[in-house]
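Structure below is run.cif: mmCIF, C-alpha atoms.
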```
data_final
loop_
_atom_site.label_atom_id
_atom_site.label_comp_id
_atom_site.auth_asym_id
_atom_site.auth_seq_id
_atom_site.Cartn_x
_atom_site.Cartn_y
_atom_site.Cartn_z
CA TRP A 1 0.00 0.00 0.00
CA SER A 2 1.09 3.61 -0.51
CA HIS A 3 0.91 6.87 1.39
CA GLY A 4 -2.66 7.97 2.12
CA THR A 5 -4.36 4.63 1.47
CA LYS A 6 -6.62 2.91 3.95
CA VAL A 7 -5.28 -0.04 5.89
CA TRP A 8 -6.97 -2.97 7.64
CA VAL A 9 -5.18 -3.99 10.83
CA SER A 10 -5.95 -7.10 12.90
CA TYR A 11 -5.92 -5.82 16.47
CA SER A 12 -6.65 -7.98 19.56
CA PRO A 13 -8.39 -9.55 17.63
CA LEU A 14 -10.99 -7.14 16.26
CA ILE A 15 -10.74 -5.90 12.70
CA ARG A 16 -10.18 -2.18 13.01
CA HIS A 17 -10.21 0.40 10.21
CA PHE A 18 -7.62 3.17 10.16
CA ASN A 19 -6.35 5.84 7.81
CA HIS A 20 -2.63 5.88 7.08
CA PRO A 21 -0.56 7.82 8.07
CA SER A 22 -1.07 8.92 11.73
CA LEU A 23 -2.62 5.79 13.19
CA ASP A 24 -3.59 6.44 16.82
CA LEU A 25 -3.70 2.99 18.52
CA ASN A 26 -3.98 4.45 22.05
CA PHE A 27 -0.40 3.50 22.80
CA GLY A 28 1.49 5.36 20.11
CA LEU A 29 1.07 7.51 17.01
CA MET A 30 2.12 5.51 13.95
CA LYS A 31 3.68 7.78 11.35
CA SER A 32 5.26 5.41 8.88
CA SER A 33 4.61 2.16 7.09
CA THR A 34 7.66 0.70 8.80
CA SER A 35 6.18 1.40 12.23
CA LEU A 36 2.90 -0.16 11.19
CA LEU A 37 4.52 -3.35 9.93
CA ARG A 38 6.60 -3.61 13.08
CA LEU A 39 3.44 -3.20 15.14
CA CYS A 40 1.59 -5.90 13.19
CA ASN A 41 4.42 -8.35 13.83
CA ARG A 42 4.22 -7.98 17.60
CA LYS A 43 3.06 -11.12 19.34
CA ILE A 44 0.40 -9.30 21.35
CA LEU A 45 -1.56 -8.55 18.18
CA SER A 46 -1.73 -12.18 17.15
CA ARG A 47 -3.07 -13.37 20.48
CA GLY A 48 -6.71 -14.40 20.23
CA PHE A 49 -9.01 -13.35 23.06
CA SER A 50 -12.14 -15.09 21.81
CA ALA A 51 -12.57 -18.81 21.43
CA GLY A 52 -11.54 -20.20 18.06
CA ILE A 53 -10.21 -18.28 15.10
CA VAL A 54 -11.25 -14.69 14.52
CA GLN A 55 -12.05 -15.04 10.81
CA HIS A 56 -15.28 -16.73 9.77
CA ARG A 57 -14.98 -19.96 7.79
CA HIS A 58 -17.97 -21.36 5.94
CA THR A 59 -18.96 -24.83 7.10
CA GLU A 60 -21.90 -27.12 6.44
CA LEU A 61 -23.56 -25.87 9.63
CA ASN A 62 -22.60 -22.20 9.32
CA ASN A 63 -22.64 -20.38 5.99
CA LEU A 64 -24.52 -17.70 4.07
CA GLU A 65 -27.39 -20.12 3.42
CA THR A 66 -27.87 -20.99 7.11
CA LYS A 67 -31.22 -19.81 8.47
CA PHE A 68 -31.87 -18.25 11.87
CA GLU A 69 -34.96 -16.72 13.43
CA PHE A 70 -35.67 -15.62 16.98
CA ASN A 71 -38.53 -17.54 18.59
CA ALA A 72 -41.42 -15.90 20.44
CA GLU A 73 -39.74 -16.17 23.84
CA SER A 74 -36.52 -14.58 22.54
CA LYS A 75 -38.43 -11.77 20.82
CA LYS A 76 -40.17 -10.97 24.09
CA GLU A 77 -36.81 -10.80 25.87
CA ILE A 78 -35.34 -8.65 23.07
CA ASP A 79 -38.22 -6.17 23.43
CA ARG A 80 -37.53 -5.98 27.16
CA VAL A 81 -33.82 -5.35 26.58
CA LEU A 82 -34.29 -2.70 23.88
CA LYS A 83 -36.54 -0.64 26.14
CA LYS A 84 -33.45 0.08 28.25
CA TYR A 85 -31.84 2.12 25.48
CA PRO A 86 -32.84 5.24 23.52
CA PRO A 87 -33.59 4.33 19.87
CA GLN A 88 -30.46 6.08 18.60
CA TYR A 89 -28.30 4.04 21.00
CA LYS A 90 -29.87 0.62 20.64
CA LYS A 91 -26.61 -0.83 19.31
CA SER A 92 -25.62 -0.87 23.00
CA ALA A 93 -27.81 -3.98 23.18
CA THR A 94 -25.37 -5.95 21.02
CA ILE A 95 -24.01 -8.08 23.86
CA PRO A 96 -27.43 -8.90 25.41
CA LEU A 97 -28.85 -9.86 22.00
CA LEU A 98 -25.87 -12.06 21.18
CA TYR A 99 -26.41 -13.84 24.48
CA ILE A 100 -30.13 -14.28 23.80
CA ALA A 101 -29.35 -15.78 20.39
CA GLN A 102 -26.79 -18.17 21.82
CA GLU A 103 -29.08 -19.25 24.67
CA GLN A 104 -32.14 -19.74 22.47
CA GLU A 105 -33.48 -23.28 22.41
CA GLY A 106 -31.99 -25.08 19.44
CA SER A 107 -28.91 -22.87 19.19
CA GLU A 108 -26.93 -25.38 21.26
CA ASN A 109 -24.76 -22.71 22.89
CA TRP A 110 -23.18 -21.24 19.77
CA LEU A 111 -23.76 -18.43 17.27
CA THR A 112 -24.16 -18.80 13.53
CA LEU A 113 -23.33 -16.10 11.01
CA ALA A 114 -27.07 -15.86 10.32
CA ALA A 115 -27.76 -15.14 14.00
CA MET A 116 -25.25 -12.29 14.04
CA ASN A 117 -26.66 -10.88 10.80
CA LYS A 118 -30.17 -10.99 12.28
CA ILE A 119 -28.95 -9.02 15.30
CA ALA A 120 -27.35 -6.43 13.02
CA GLU A 121 -30.66 -6.12 11.21
CA LEU A 122 -32.60 -5.60 14.45
CA LEU A 123 -30.12 -3.03 15.76
CA GLU A 124 -29.79 -1.31 12.37
CA VAL A 125 -26.00 -1.47 12.40
CA PRO A 126 -23.46 -2.88 9.93
CA PRO A 127 -22.90 -6.63 10.50
CA MET A 128 -19.23 -5.88 11.26
CA ASN A 129 -20.32 -4.07 14.44
CA VAL A 130 -21.79 -7.34 15.68
CA TYR A 131 -18.94 -9.54 14.41
CA GLU A 132 -16.29 -7.52 16.25
CA VAL A 133 -18.10 -7.98 19.57
CA ALA A 134 -18.71 -11.70 19.05
CA THR A 135 -15.05 -12.29 18.15
CA PHE A 136 -13.75 -10.49 21.23
CA TYR A 137 -15.59 -12.12 24.14
CA THR A 138 -15.00 -15.75 25.09
CA MET A 139 -18.61 -16.02 26.27
CA PHE A 140 -19.67 -16.19 22.62
CA ASN A 141 -19.03 -19.40 20.69
CA ARG A 142 -18.87 -19.10 16.91
CA GLU A 143 -18.36 -22.79 16.38
CA PRO A 144 -20.29 -25.77 17.79
CA VAL A 145 -19.28 -26.76 21.32
CA GLY A 146 -20.00 -29.77 23.49
CA LYS A 147 -22.95 -30.21 25.80
CA TYR A 148 -20.60 -29.20 28.61
CA HIS A 149 -18.42 -26.30 27.50
CA ILE A 150 -15.64 -26.12 30.09
CA GLN A 151 -13.97 -22.72 30.24
CA LEU A 152 -10.80 -22.94 32.30
CA CYS A 153 -9.50 -19.68 33.75
CA GLY A 154 -5.82 -19.26 32.91
CA THR A 155 -5.09 -15.86 34.43
CA THR A 156 -2.52 -15.34 37.18
CA PRO A 157 -4.48 -16.20 40.39
CA CYS A 158 -5.79 -19.41 38.86
CA MET A 159 -2.32 -20.21 37.56
CA VAL A 160 -0.62 -19.99 40.95
CA ALA A 161 -3.39 -20.81 43.46
CA GLY A 162 -3.69 -24.25 44.99
CA CYS A 163 -2.56 -26.91 42.52
CA GLY A 164 -2.73 -24.34 39.72
CA LYS A 165 -4.65 -24.28 36.47
CA ASP A 166 -1.99 -26.29 34.61
CA SER A 167 -2.66 -29.30 36.85
CA ILE A 168 -6.42 -28.86 36.41
CA LYS A 169 -6.00 -28.54 32.66
CA LYS A 170 -3.93 -31.71 32.51
CA VAL A 171 -6.59 -33.66 34.42
CA ILE A 172 -9.30 -32.46 32.02
CA MET A 173 -7.24 -33.26 28.92
CA ASP A 174 -6.19 -36.68 30.22
CA GLU A 175 -9.70 -37.65 31.35
CA LEU A 176 -11.43 -36.47 28.18
CA GLY A 177 -8.70 -37.18 25.63
CA ILE A 178 -8.82 -33.68 24.14
CA LYS A 179 -6.63 -30.59 24.04
CA ASP A 180 -7.44 -26.91 24.48
CA GLY A 181 -10.04 -25.85 21.90
CA GLU A 182 -11.14 -29.40 21.08
CA THR A 183 -14.40 -31.30 21.55
CA THR A 184 -14.77 -34.96 22.46
CA GLU A 185 -15.90 -37.30 19.69
CA ASP A 186 -19.25 -37.90 21.40
CA GLY A 187 -19.93 -34.14 21.50
CA MET A 188 -20.20 -34.09 25.28
CA PHE A 189 -17.26 -31.87 26.28
CA THR A 190 -15.35 -28.90 24.90
CA LEU A 191 -12.32 -27.40 26.68
CA THR A 192 -11.36 -23.75 26.26
CA GLU A 193 -8.78 -21.83 28.28
CA VAL A 194 -9.98 -18.25 28.78
CA GLU A 195 -8.98 -15.02 30.48
CA CYS A 196 -10.10 -13.99 33.99
CA LEU A 197 -13.60 -15.08 34.97
CA GLY A 198 -13.74 -12.93 38.10
CA ALA A 199 -13.48 -15.61 40.78
CA CYS A 200 -9.85 -14.97 41.68
CA VAL A 201 -10.34 -15.37 45.42
CA ASN A 202 -11.57 -18.94 44.91
CA ALA A 203 -8.97 -20.00 42.34
CA PRO A 204 -8.42 -22.25 40.51
CA MET A 205 -11.82 -22.47 38.85
CA ILE A 206 -13.80 -23.32 35.73
CA GLN A 207 -17.03 -22.01 34.24
CA VAL A 208 -19.41 -24.35 32.42
CA ASN A 209 -21.81 -23.21 29.68
CA ASN A 210 -21.40 -19.54 30.63
CA LYS A 211 -23.38 -20.12 33.83
CA GLU A 212 -22.06 -22.43 36.54
CA PHE A 213 -18.86 -21.71 38.47
CA TYR A 214 -16.86 -24.53 40.06
CA GLU A 215 -14.20 -23.13 42.37
CA HIS A 216 -11.39 -24.11 44.75
CA LEU A 217 -10.62 -27.01 42.43
CA THR A 218 -8.13 -29.77 43.03
CA GLU A 219 -7.12 -32.58 40.71
CA GLU A 220 -9.40 -34.94 42.64
CA SER A 221 -12.44 -32.65 42.67
CA THR A 222 -12.00 -31.90 38.96
CA LYS A 223 -12.03 -35.59 38.12
CA LYS A 224 -15.11 -36.03 40.30
CA LEU A 225 -16.90 -33.26 38.38
CA LEU A 226 -16.10 -34.90 35.04
CA ASP A 227 -17.26 -38.31 36.29
CA THR A 228 -20.56 -36.78 37.44
CA TRP A 229 -21.22 -35.21 34.05
CA LYS A 230 -20.25 -38.39 32.24
CA SER A 231 -22.79 -40.35 34.28
CA GLY A 232 -25.54 -37.84 33.51
CA GLY A 233 -25.52 -36.23 36.93
CA THR A 234 -25.49 -32.58 37.98
CA PRO A 235 -22.68 -31.64 40.39
CA LYS A 236 -23.04 -29.01 43.07
CA GLU A 237 -22.09 -25.54 41.88
CA GLY A 238 -19.68 -23.22 43.66
CA ASN A 239 -16.81 -24.18 45.91
CA GLN A 240 -15.71 -27.78 45.66
CA ASN A 241 -14.33 -27.89 49.20
CA HIS A 242 -15.69 -27.12 52.69
CA VAL A 243 -15.64 -23.35 52.17
CA LYS A 244 -19.03 -21.67 51.67
CA THR A 245 -17.86 -18.29 50.37
CA CYS A 246 -14.25 -17.16 50.17
CA GLU A 247 -13.10 -17.83 53.72
CA GLY A 248 -9.46 -18.57 54.38
CA PRO A 249 -8.11 -21.36 56.63
CA MET A 250 -9.03 -19.31 59.74
CA GLY A 251 -12.69 -19.26 58.78
CA LYS A 252 -14.85 -16.13 58.81
CA THR A 253 -13.01 -13.22 60.45
CA SER A 254 -15.38 -10.38 59.54
CA LEU A 255 -19.02 -9.67 58.63
CA LYS A 256 -20.15 -12.22 61.19
CA GLY A 257 -23.49 -10.52 61.65
CA GLY A 258 -24.78 -8.52 64.59
CA GLU A 259 -22.26 -5.75 63.97
CA PRO A 260 -23.87 -2.30 63.42
CA GLY A 261 -24.01 -1.45 59.73
CA PHE A 262 -22.61 -4.76 58.56
CA PRO A 263 -24.93 -7.50 57.27
CA GLU A 264 -24.12 -11.18 57.55
CA PHE A 265 -22.99 -13.04 54.44
CA LEU A 266 -25.80 -14.49 52.39
CA ASP A 267 -26.17 -18.26 52.43
CA LEU A 268 -25.60 -18.67 48.71
CA ASP A 269 -26.63 -22.33 48.72
CA LYS A 270 -29.95 -21.35 50.27
CA VAL A 271 -30.46 -18.49 47.81
CA ILE A 272 -29.79 -20.75 44.80
CA ALA A 273 -32.08 -23.47 46.15
CA GLU A 274 -34.90 -20.99 46.77
CA LYS A 275 -34.56 -19.54 43.28
CA LYS A 276 -34.67 -22.96 41.66
CA GLU A 277 -37.73 -23.85 43.72
CA ALA A 278 -39.47 -20.60 42.72
CA ASP A 279 -38.61 -21.13 39.03
CA ALA A 280 -39.96 -24.70 39.14
CA LYS A 281 -43.17 -23.52 40.82
CA LYS A 282 -43.62 -20.77 38.24
CA ALA A 283 -43.07 -23.23 35.39
CA SER A 284 -45.60 -25.71 36.78
CA GLU A 285 -48.20 -22.97 37.24
CA SER A 286 -47.82 -21.75 33.66
CA SER A 287 -48.03 -25.26 32.14
#
```
Would you give me this structure, written as structure tokens?
Amino acid sequence: WSHGTKVWVSYSPLIRHFNHPSLDLNFGLMKSSTSLLRLCNRKILSRGFSAGIVQHRHTELNNLETKFEFNAESKKEIDRVLKKYPPQYKKSATIPLLYIAQEQEGSENWLTLAAMNKIAELLEVPPMNVYEVATFYTMFNREPVGKYHIQLCGTTPCMVAGCGKDSIKKVIMDELGIKDGETTEDGMFTLTEVECLGACVNAPMIQVNNKEFYEHLTEESTKKLLDTWKSGGTPKEGNQNHVKTCEGPMGKTSLKGGEPGFPEFLDLDKVIAEKKEADAKKASESS
């Protein structure tokens, strides 16, 4: 390319559009083609933050001919979400709508190109605006995943805490016979190492299907989780040891209750159980 032409740069890992020269990438003003090429060769720019490759590849299950429509339940939820935003800013609903599409019955926890195009149509934005969001966040799967999508946190606390994420990762790979980014032949499990999932105090941990957290893992408890899923069971969410919240070896040292201005910790197990009971009651009443 020559002076003054437009350049496409793959950047962490979104496709960004810049004018050359004077490329402001937040951490330096690029004033020459040499600087730009040097920047593109840096390892940080080639690191993928979303699961799978950034570029779309047509497959039998995901191509321009693939059909996608939101069902009645999803449309109702979309209407609820869009009411949160002024009409001129409804593209702010990109992430919620991507999640609705991925969670819709029949989507099997992944997003097709058609689903992303439908969202762009609803939000009245260029499809690229939706693609760049879906390719950035590991919560969005752009390829089919297993029934149990295991997202293993690989950030620093999970790497160094307890037995460390490397030991947990080895157990998962050995037990399932897959590597990072792969799915078992029976379609039951997919393993993906991701960035921080926000449960650092209870590291190491995994998230399954963008919902359930399993924390304070050891090699033994990880194997037990896998065995439970293999047998068709549902393991207990949360900490996989005796700890109820994020207490250290000395137990609870603060927020014990009864102190002025400080509430007692919620019993999360009780809260989850009550919510599940209420949801089941609501479902039975509506059926």
My list of candidates is A:Phe68, A:Phe189, A:Phe213, A:Tyr148. Which is closest to A:Lys118 when distances are computed with only C-alpha atoms? A:Phe68
Specify as a compact mmCIF listing (two decimals) with C-alpha atoms, in the frame of the given file each residue included when the PyMOL selection byres ((chain A and resi 230) around 12) is applied to this file.
```
# COMPACT_ATOMS: atom_id res chain seq x y z
CA LYS A 147 -22.95 -30.21 25.80
CA TYR A 148 -20.60 -29.20 28.61
CA GLU A 175 -9.70 -37.65 31.35
CA LEU A 176 -11.43 -36.47 28.18
CA THR A 184 -14.77 -34.96 22.46
CA ASP A 186 -19.25 -37.90 21.40
CA GLY A 187 -19.93 -34.14 21.50
CA MET A 188 -20.20 -34.09 25.28
CA PHE A 189 -17.26 -31.87 26.28
CA LYS A 223 -12.03 -35.59 38.12
CA LYS A 224 -15.11 -36.03 40.30
CA LEU A 225 -16.90 -33.26 38.38
CA LEU A 226 -16.10 -34.90 35.04
CA ASP A 227 -17.26 -38.31 36.29
CA THR A 228 -20.56 -36.78 37.44
CA TRP A 229 -21.22 -35.21 34.05
CA SER A 231 -22.79 -40.35 34.28
CA GLY A 232 -25.54 -37.84 33.51
CA GLY A 233 -25.52 -36.23 36.93
CA THR A 234 -25.49 -32.58 37.98
CA PRO A 235 -22.68 -31.64 40.39
```
Report the closest atom pair, with its distance in Å rounded to one decimal, for each residue of stretch 135-154 of chain A that has an atom no farther than 9 Å from stretch 162-171 of chain A; count all atoms listed in the file, sort by chain and then rising residue number, and write it as JSON lines.
```
{"residue": "A:Leu152", "atom": "CA", "partner": "A:Lys169", "partner_atom": "CA", "distance": 7.4}
{"residue": "A:Cys153", "atom": "CA", "partner": "A:Lys165", "partner_atom": "CA", "distance": 7.2}
{"residue": "A:Gly154", "atom": "CA", "partner": "A:Lys165", "partner_atom": "CA", "distance": 6.3}
```
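What separates atom CA of A:Ala93 from atom CA of A:Ala120 is a distance of 10.5 Å.
Counting from atom CA of A:Lys211, the distance to atom CA of A:Asp79 is 22.9 Å.
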Leaving out A:Leu61 and any residue of its chain fewer than 2 positions from it, which residues lie within 12 Å of it when counting all atoms listed in the file, given as a ChimeraX atom specification? /A:57-59,63-68,107,110-114,142-144
Could you state the separation of atom CA of A:Ile78 and atom CA of A:Ile100 in Å, given to one decimal place? 7.7 Å
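Between A:Gln207 and the residues A:Glu108, A:Ile178, A:Glu219, A:Gly238, the shortest atom-to-atom distance, using all atoms listed in the file, involves A:Gly238.
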Per residue of stretch 85-144 of chain A within 12 Å of stretch 192-200 of chain A, record the nearest atom pair and its distance in Å to one decimal, counting only C-alpha atoms, with rows in chain order and ascending residue number, as a Markdown table.
```
| residue | atom | partner | partner_atom | distance |
| --- | --- | --- | --- | --- |
| A:Phe136 | CA | A:Glu195 | CA | 11.4 |
| A:Tyr137 | CA | A:Val194 | CA | 9.5 |
| A:Thr138 | CA | A:Val194 | CA | 6.7 |
| A:Met139 | CA | A:Val194 | CA | 9.3 |
| A:Phe140 | CA | A:Val194 | CA | 11.7 |
| A:Asn141 | CA | A:Thr192 | CA | 10.4 |
```
